[in-house]
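Data file: model_24.csv. Format and content: CSV, C-alpha atoms.
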```csv
chain,number,residue,atom,x,y,z
A,234,MET,CA,-138.7,-32.7,20.0
A,235,SER,CA,-139.5,-32.4,16.3
A,236,ALA,CA,-141.8,-29.6,15.1
A,237,GLU,CA,-145.4,-30.6,14.1
A,238,PRO,CA,-145.8,-31.0,10.3
A,239,SER,CA,-147.3,-28.1,8.4
A,240,PHE,CA,-149.7,-30.3,6.5
A,241,ARG,CA,-152.3,-33.0,7.0
A,242,ILE,CA,-152.7,-36.1,4.7
A,243,TYR,CA,-156.0,-38.0,4.7
A,244,GLU,CA,-154.9,-40.8,2.4
A,245,LYS,CA,-151.8,-42.0,0.5
A,246,PRO,CA,-152.4,-41.6,-3.3
A,247,ASN,CA,-151.6,-44.5,-5.6
A,248,LEU,CA,-149.5,-42.9,-8.3
A,249,ASP,CA,-146.8,-43.8,-10.8
A,250,ARG,CA,-144.8,-40.8,-12.0
A,251,PRO,CA,-147.2,-37.9,-11.4
A,252,ALA,CA,-147.0,-34.3,-12.3
A,253,LEU,CA,-148.2,-31.5,-9.9
A,254,ILE,CA,-150.3,-28.5,-11.1
A,255,THR,CA,-150.4,-25.5,-8.8
A,256,GLY,CA,-152.5,-22.4,-8.8
A,257,TRP,CA,-153.2,-19.4,-6.5
A,258,ILE,CA,-156.7,-18.2,-5.7
A,259,GLU,CA,-155.7,-14.5,-5.9
A,260,ASP,CA,-154.4,-14.8,-9.5
A,261,ALA,CA,-155.3,-12.1,-12.0
A,262,CYS,CA,-158.9,-12.7,-13.3
A,263,GLY,CA,-158.8,-15.9,-11.1
A,264,LEU,CA,-157.2,-17.8,-14.0
A,265,GLY,CA,-155.2,-20.3,-11.9
A,266,ALA,CA,-158.0,-21.2,-9.5
A,267,SER,CA,-160.7,-21.3,-12.2
A,268,SER,CA,-158.6,-23.5,-14.5
A,269,ILE,CA,-157.9,-25.9,-11.6
A,270,ASP,CA,-161.5,-25.9,-10.5
A,271,TYR,CA,-162.4,-26.9,-14.1
A,272,LEU,CA,-160.0,-29.9,-14.0
A,273,ILE,CA,-161.2,-31.0,-10.7
A,274,ARG,CA,-164.8,-30.9,-11.9
A,275,LYS,CA,-164.3,-32.5,-15.3
A,276,LEU,CA,-161.9,-35.3,-14.1
A,277,GLY,CA,-163.2,-36.1,-10.7
A,278,PHE,CA,-160.2,-35.2,-8.6
A,279,ARG,CA,-160.6,-35.9,-4.9
A,280,GLU,CA,-159.1,-34.0,-2.0
A,281,PHE,CA,-156.4,-35.9,-0.1
A,282,ALA,CA,-154.3,-33.4,1.9
A,283,GLU,CA,-154.0,-29.8,3.0
A,284,ILE,CA,-151.5,-27.3,4.3
A,285,MET,CA,-152.4,-26.1,7.8
A,286,PRO,CA,-152.9,-22.2,7.9
A,287,GLU,CA,-151.1,-21.5,11.2
A,288,GLY,CA,-148.0,-19.6,10.7
A,289,PHE,CA,-148.8,-18.7,7.0
A,290,PHE,CA,-152.0,-16.7,7.2
A,291,PRO,CA,-153.1,-14.1,9.8
A,292,MET,CA,-155.6,-15.7,12.1
A,293,ALA,CA,-156.4,-12.7,14.4
A,294,GLY,CA,-159.5,-12.0,12.4
A,295,VAL,CA,-161.8,-13.3,9.7
A,296,VAL,CA,-162.3,-11.6,6.3
A,297,VAL,CA,-165.9,-11.3,5.3
A,298,ALA,CA,-166.9,-10.8,1.6
A,299,ASP,CA,-170.6,-10.5,0.5
A,300,ASP,CA,-171.6,-11.6,4.0
A,301,VAL,CA,-169.6,-14.9,3.8
A,302,ALA,CA,-166.6,-15.6,6.0
A,303,GLN,CA,-163.5,-16.2,4.0
A,304,PHE,CA,-160.9,-18.7,5.4
A,305,PRO,CA,-157.5,-19.5,3.9
A,306,ASP,CA,-157.6,-22.6,1.8
A,307,SER,CA,-154.6,-24.7,0.8
A,308,LYS,CA,-155.6,-28.1,-0.5
A,309,PHE,CA,-154.3,-31.0,-2.5
A,310,TYR,CA,-156.3,-33.0,-5.0
A,311,VAL,CA,-155.5,-36.2,-6.9
A,312,SER,CA,-156.6,-38.2,-9.9
A,313,ASP,CA,-155.1,-41.7,-9.8
A,314,GLU,CA,-156.5,-42.4,-13.3
A,315,HIS,CA,-154.6,-39.5,-14.8
A,316,ASP,CA,-151.6,-39.6,-12.6
A,317,LEU,CA,-152.0,-36.0,-11.6
A,318,VAL,CA,-151.8,-34.0,-8.4
A,319,ILE,CA,-153.3,-30.5,-8.0
A,320,PHE,CA,-152.6,-27.9,-5.4
A,321,LYS,CA,-154.9,-24.9,-5.0
A,322,SER,CA,-154.3,-22.3,-2.4
A,323,ASN,CA,-154.6,-18.7,-1.2
A,324,THR,CA,-151.3,-16.9,-1.3
A,325,PRO,CA,-149.5,-17.3,2.1
A,326,ARG,CA,-148.9,-13.9,3.8
A,327,THR,CA,-145.7,-15.0,5.6
A,328,ASP,CA,-142.9,-17.6,5.6
A,329,TRP,CA,-143.0,-18.5,1.9
A,330,HIS,CA,-140.0,-20.7,2.2
A,331,ARG,CA,-141.5,-23.0,4.8
A,332,PHE,CA,-144.9,-23.0,3.0
A,333,LEU,CA,-143.4,-24.0,-0.3
A,334,ASN,CA,-141.3,-26.7,1.3
A,335,ALA,CA,-144.4,-28.1,2.9
A,336,VAL,CA,-146.1,-28.2,-0.5
A,337,LEU,CA,-143.1,-30.0,-2.0
A,338,ASP,CA,-142.9,-32.4,1.0
A,339,VAL,CA,-146.4,-33.6,0.2
A,340,ALA,CA,-145.7,-33.6,-3.6
A,341,GLN,CA,-142.4,-35.3,-3.6
A,342,LYS,CA,-142.3,-37.5,-0.5
A,343,ASP,CA,-146.0,-38.6,-0.4
A,344,CYS,CA,-146.9,-38.5,-4.1
A,345,GLY,CA,-143.6,-39.0,-5.9
A,346,VAL,CA,-144.1,-36.0,-8.1
A,347,LYS,CA,-141.6,-35.8,-11.0
A,348,GLN,CA,-142.6,-32.5,-12.7
A,349,ILE,CA,-144.3,-29.2,-11.5
A,350,TYR,CA,-146.5,-26.9,-13.6
A,351,ALA,CA,-147.3,-23.6,-11.8
A,352,VAL,CA,-150.1,-21.7,-13.6
A,353,GLY,CA,-151.1,-18.0,-13.6
A,354,ALA,CA,-152.0,-14.9,-15.6
A,355,MET,CA,-150.0,-11.9,-16.5
A,356,ILE,CA,-151.4,-8.5,-17.4
A,357,SER,CA,-151.2,-7.5,-21.1
A,358,TYR,CA,-152.1,-4.4,-23.0
A,359,THR,CA,-153.8,-6.3,-25.8
A,360,ALA,CA,-157.4,-6.7,-27.0
A,361,HIS,CA,-159.7,-9.6,-25.9
A,362,THR,CA,-160.2,-10.5,-29.6
A,363,MET,CA,-156.5,-11.5,-30.0
A,364,PRO,CA,-155.3,-15.1,-29.6
A,365,ARG,CA,-153.9,-16.0,-26.1
A,366,LEU,CA,-150.3,-17.0,-25.8
A,367,LEU,CA,-148.8,-19.4,-23.4
A,368,VAL,CA,-145.5,-18.2,-21.9
A,369,SER,CA,-143.1,-20.3,-20.0
A,370,ILE,CA,-140.3,-19.8,-17.5
A,371,VAL,CA,-138.5,-23.0,-16.6
A,372,ASN,CA,-136.0,-24.1,-13.9
A,373,SER,CA,-134.2,-26.8,-16.0
A,374,SER,CA,-133.2,-27.6,-19.6
A,375,GLU,CA,-135.1,-30.9,-19.2
A,376,MET,CA,-138.4,-29.0,-18.8
A,377,LYS,CA,-137.6,-26.7,-21.6
A,378,GLU,CA,-137.0,-29.6,-24.0
A,379,MET,CA,-140.3,-31.2,-22.9
A,380,LEU,CA,-142.3,-28.1,-23.7
A,381,GLU,CA,-141.0,-27.6,-27.2
A,382,PRO,CA,-143.6,-29.7,-29.1
A,383,PHE,CA,-146.5,-27.9,-27.4
A,384,GLY,CA,-146.3,-24.4,-28.8
A,385,VAL,CA,-145.3,-22.8,-25.6
A,386,MET,CA,-143.3,-19.6,-25.8
A,387,GLY,CA,-139.9,-19.8,-24.2
A,388,ASN,CA,-136.7,-17.8,-24.1
A,389,THR,CA,-138.4,-15.3,-21.8
A,390,ASP,CA,-136.2,-12.4,-20.5
A,391,TYR,CA,-137.4,-11.0,-17.2
A,392,GLU,CA,-135.9,-9.4,-14.1
A,393,THR,CA,-137.7,-8.5,-10.9
A,394,PRO,CA,-138.1,-4.7,-10.8
A,395,PRO,CA,-136.0,-2.9,-8.2
A,396,GLY,CA,-137.7,-2.8,-4.8
A,397,GLN,CA,-140.0,-5.7,-5.5
A,398,LYS,CA,-139.5,-9.3,-4.4
A,399,PRO,CA,-139.9,-12.2,-6.8
A,400,THR,CA,-143.3,-13.8,-7.3
A,401,LEU,CA,-144.4,-16.8,-5.3
A,402,ASN,CA,-144.2,-18.9,-8.5
A,403,SER,CA,-140.6,-17.8,-9.0
A,404,TYR,CA,-139.8,-19.0,-5.4
A,405,LEU,CA,-141.5,-22.3,-6.2
A,406,LEU,CA,-139.3,-22.8,-9.3
A,407,TRP,CA,-136.2,-22.1,-7.2
A,408,THR,CA,-137.3,-24.4,-4.3
A,409,ALA,CA,-138.2,-27.2,-6.8
A,410,LYS,CA,-134.8,-26.8,-8.5
A,411,LYS,CA,-133.0,-27.3,-5.1
A,412,ARG,CA,-134.9,-30.6,-4.8
A,413,GLY,CA,-134.1,-31.7,-8.4
A,414,ILE,CA,-137.7,-31.4,-9.6
A,415,PRO,CA,-138.1,-30.0,-13.1
A,416,ALA,CA,-140.7,-27.2,-13.0
A,417,VAL,CA,-142.2,-24.5,-15.2
A,418,ASN,CA,-144.3,-21.3,-14.7
A,419,LEU,CA,-147.0,-21.2,-17.3
A,420,TRP,CA,-148.4,-17.7,-17.8
A,421,VAL,CA,-151.2,-16.6,-20.1
A,422,PRO,CA,-151.2,-12.8,-20.9
A,423,VAL,CA,-154.8,-11.5,-20.3
A,424,PRO,CA,-156.2,-8.1,-21.4
A,425,TYR,CA,-155.8,-5.6,-18.6
A,426,TYR,CA,-159.4,-4.7,-18.8
A,427,LEU,CA,-160.5,-8.3,-18.0
A,428,VAL,CA,-158.2,-8.7,-14.9
A,429,SER,CA,-161.0,-8.0,-12.4
A,430,LEU,CA,-163.5,-10.1,-14.4
A,431,ASP,CA,-162.9,-13.3,-16.2
A,432,ASP,CA,-161.1,-14.5,-19.3
A,433,PRO,CA,-162.5,-17.8,-20.6
A,434,ARG,CA,-160.3,-17.5,-23.7
A,435,ALA,CA,-157.2,-17.5,-21.5
A,436,ARG,CA,-158.6,-20.4,-19.4
A,437,LYS,CA,-159.1,-22.4,-22.6
A,438,ARG,CA,-155.6,-21.8,-23.8
A,439,LEU,CA,-154.2,-23.1,-20.5
A,440,LEU,CA,-156.5,-26.1,-20.3
A,441,ASP,CA,-155.9,-27.0,-23.9
A,442,PHE,CA,-152.2,-27.4,-23.1
A,443,PHE,CA,-152.9,-29.7,-20.2
A,444,ASN,CA,-155.5,-31.6,-22.3
A,445,VAL,CA,-152.8,-32.4,-24.9
A,446,ARG,CA,-149.8,-32.8,-22.6
A,447,PHE,CA,-151.5,-35.4,-20.4
A,448,SER,CA,-154.0,-36.9,-22.9
A,449,LEU,CA,-156.9,-36.0,-20.7
A,450,GLY,CA,-159.6,-36.2,-23.4
A,451,ILE,CA,-161.6,-33.3,-22.1
A,452,ASP,CA,-164.3,-31.7,-24.4
A,453,LEU,CA,-163.5,-28.0,-24.1
A,454,ARG,CA,-166.5,-26.8,-26.2
A,455,ASP,CA,-168.2,-25.3,-23.2
A,456,LEU,CA,-165.4,-22.8,-22.9
A,457,ASP,CA,-165.9,-21.9,-26.5
A,458,ALA,CA,-169.5,-21.0,-25.5
A,459,GLU,CA,-168.2,-18.9,-22.7
A,460,VAL,CA,-165.9,-17.0,-25.0
A,461,MET,CA,-168.7,-16.3,-27.5
A,462,GLU,CA,-171.0,-15.1,-24.7
A,463,GLN,CA,-168.4,-12.7,-23.3
A,464,ASN,CA,-167.6,-11.4,-26.8
A,465,GLY,CA,-171.2,-11.0,-27.5
A,466,LYS,CA,-171.7,-8.9,-24.4
A,467,ILE,CA,-168.7,-6.7,-25.2
A,468,GLY,CA,-170.2,-6.3,-28.7
A,469,GLN,CA,-173.4,-5.0,-27.2
A,470,LEU,CA,-171.3,-2.3,-25.4
A,471,PHE,CA,-169.6,-1.5,-28.7
A,472,GLN,CA,-173.1,-0.8,-30.2
A,473,LYS,CA,-173.8,1.6,-27.4
A,474,SER,CA,-170.4,3.2,-27.4
A,475,PRO,CA,-168.4,3.4,-30.6
A,476,GLU,CA,-165.7,5.3,-28.6
A,477,ILE,CA,-165.0,2.1,-26.5
A,478,GLU,CA,-164.9,0.0,-29.7
A,479,GLY,CA,-162.4,2.4,-31.1
A,480,TYR,CA,-160.1,1.9,-28.1
A,481,VAL,CA,-160.2,-1.8,-28.6
A,482,ARG,CA,-159.5,-1.5,-32.3
A,483,LYS,CA,-156.4,0.6,-31.4
A,484,LEU,CA,-155.2,-2.3,-29.2
A,485,GLU,CA,-155.8,-4.8,-32.0
A,486,THR,CA,-153.4,-2.8,-34.2
A,487,GLY,CA,-150.8,-2.4,-31.5
A,488,GLU,CA,-151.5,1.3,-31.1
A,489,GLY,CA,-151.2,2.4,-27.5
A,490,LEU,CA,-153.9,4.2,-25.6
A,491,GLU,CA,-153.6,7.4,-23.6
A,492,THR,CA,-153.9,7.0,-19.8
A,493,GLU,CA,-157.4,8.5,-19.8
A,494,GLU,CA,-158.5,6.3,-22.7
A,495,SER,CA,-157.0,3.2,-21.0
A,496,GLU,CA,-158.8,3.9,-17.7
A,497,LYS,CA,-162.1,4.6,-19.4
A,498,LEU,CA,-162.0,1.3,-21.5
A,499,ALA,CA,-161.3,-0.7,-18.3
A,500,ARG,CA,-164.0,1.1,-16.3
A,501,GLU,CA,-166.7,0.9,-19.0
A,502,ILE,CA,-166.2,-2.8,-19.8
A,503,ASP,CA,-166.0,-3.7,-16.0
A,504,GLU,CA,-169.3,-1.9,-15.3
A,505,PHE,CA,-171.1,-3.3,-18.3
A,506,LEU,CA,-170.1,-6.9,-17.8
A,507,LYS,CA,-170.9,-6.8,-14.1
A,508,LYS,CA,-174.5,-5.6,-14.7
```

I'd like the structure from this file rewritten - as structure tokens, please.
Amino acid sequence: MSAEPSFRIYEKPNLDRPALITGWIEDACGLGASSIDYLIRKLGFREFAEIMPEGFFPMAGVVVADDVAQFPDSKFYVSDEHDLVIFKSNTPRTDWHRFLNAVLDVAQKDCGVKQIYAVGAMISYTAHTMPRLLVSIVNSSEMKEMLEPFGVMGNTDYETPPGQKPTLNSYLLWTAKKRGIPAVNLWVPVPYYLVSLDDPRARKRLLDFFNVRFSLGIDLRDLDAEVMEQNGKIGQLFQKSPEIEGYVRKLETGEGLETEESEKLAREIDEFLKK
């Protein structure tokens, strides 16, 4: 008897040679999930499939946050018009190999996906006033060549620290490579003191890439307004605390902060922006 599939498909998408964009809800400053939500909202993606939670998430109890029950979410969305598939999910707690193969079964066998773009944020000790970079790690020379015209940083050197396992996106690249699917991890470095908040400037950098890469025609000026609003609020904090402004100016010039200074900067900005 064959095992039950780990996913459920509601409809068969009508696609040509689509790309898959993936993001994780637990990403730093929610960058992956918020970028995907933006695409879904702006382009009218519709849900068409999901990964079933059994075997991947603990089901013995329910997590409650702000009086709302939180259930694991692993769903696929599609835009036939733009020939794109999106997968947004909580990070599975167990059996990453089977989970990612379920994702790729839907993407490859039911959608005919030809490329994969995994998005996320990485923590950076830079200032929020600095331009956001887009860093890539690819699983094939084909994907590396495709990215060259788009101003994406390549030639990244990285090794998993001793005692730590690779990230889920690294596993995804490896699993996609075994299936012959070109894939890339796209990372935007975000200032460490915005990791628990939001970084609309990082979100715009990521979405600007997809806007150009897939000719989506999205007007991103609303994100410019979010960047200005956040910068304005941080500017209000600077007026109240020249010391905090001084810490940010040090980061702008590449000067490092002492541990106490770094912690105070993150704490003060977090408390001020959450008011």

Worksheet entry | Non-local contacts of Glu478 of chain A (12 Å; all atoms listed in the file; under 4 positions in same chain excluded) as a PyMOL selection string | chain A and resi 360-362+467-474+482-485+494+497-499+501-502

Item to complete: Tell me which of A:Phe447, A:Trp257, A:Met386, A:Asp343 sits closest to Ser322 of chain A, counting only C-alpha atoms.
Response: A:Trp257

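Taking atom CA of Ala266 of chain A and atom CA of Asp338 of chain A as the two end points, the separation is 21.5 Å.
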
Worksheet entry | Atom pair atom CA of Glu493 of chain A / atom CA of Met461 of chain A: separation (Å) | 28.3 Å

Discussion item. List the spatial neighbours of Asp455 of chain A as a list in words - criterion: any atom at most 12 Å away, only C-alpha atoms, same-chain residues fewer than 2 positions off excluded.
Written reply: Tyr271, Lys275, Pro433, Arg434, Arg436, Lys437, Ile451, Asp452, Leu453, Asp457, Ala458, Glu459, Val460, Met461 and Glu462 of chain A

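Here atom CA of Phe240 of chain A is placed at a distance of 18.6 Å from atom CA of Ile258 of chain A.
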
Worksheet item: Closest to Ser448 of chain A among A:Leu401, A:Leu337, A:Leu317, A:Val311, using all atoms listed in the file?
Response: A:Leu317

Worksheet entry | Counting only C-alpha atoms, the residue of A:Val423, A:Ile284, A:Leu406, A:Ala416 that sits nearest Gly263 of chain A | A:Val423

Discussion item. I'd like the contact shell of Ile319 of chain A - 6 Å cut-off, all atoms listed in the file, skipping same-chain residues fewer than 4 positions apart - returned as an MDAnalysis selection string.
Written reply: chainID A and resid 253:255 309:310

Expected file: the selected residues, C-alpha atoms, as a PDB file, keeping the file's coordinate frame:
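So the final result, stored in result13.pdb, reads:
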```
ATOM      1  CA  LEU A 253    -148.200 -31.500  -9.900  1.00  0.00           C
ATOM      2  CA  ILE A 254    -150.300 -28.500 -11.100  1.00  0.00           C
ATOM      3  CA  THR A 255    -150.400 -25.500  -8.800  1.00  0.00           C
ATOM      4  CA  PHE A 309    -154.300 -31.000  -2.500  1.00  0.00           C
ATOM      5  CA  TYR A 310    -156.300 -33.000  -5.000  1.00  0.00           C
TER       6      TYR A 310
END
```

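Distance annotation: of A:Asp316, A:Asp432, A:Glu259, A:Glu496, the residue with the minimal separation from Cys344 of chain A is A:Asp316; atom set is only C-alpha atoms.
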
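Each of A:Asn334, A:Ser268, A:Phe320, A:Gln348 was compared to Arg250 of chain A using all atoms listed in the file, and A:Gln348 turns out to be the nearest.
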
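Here the residues that fall within 7 Å of (-157.8, -37.9, -13.5), using only C-alpha atoms, are given as Leu276, Gly277, Phe278, Ser312, Asp313, Glu314, His315, Asp316 and Leu317 of chain A.
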
May I have the selected residues written with C-alpha atoms, as a PDB file, keeping the file's coordinate frame?
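Below is the file part_8.pdb, written as the result:
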```pdb
ATOM      1  CA  LEU A 276    -161.900 -35.300 -14.100  1.00  0.00           C
ATOM      2  CA  GLY A 277    -163.200 -36.100 -10.700  1.00  0.00           C
ATOM      3  CA  PHE A 278    -160.200 -35.200  -8.600  1.00  0.00           C
ATOM      4  CA  SER A 312    -156.600 -38.200  -9.900  1.00  0.00           C
ATOM      5  CA  ASP A 313    -155.100 -41.700  -9.800  1.00  0.00           C
ATOM      6  CA  GLU A 314    -156.500 -42.400 -13.300  1.00  0.00           C
ATOM      7  CA  HIS A 315    -154.600 -39.500 -14.800  1.00  0.00           C
ATOM      8  CA  ASP A 316    -151.600 -39.600 -12.600  1.00  0.00           C
ATOM      9  CA  LEU A 317    -152.000 -36.000 -11.600  1.00  0.00           C
TER      10      LEU A 317
END
```
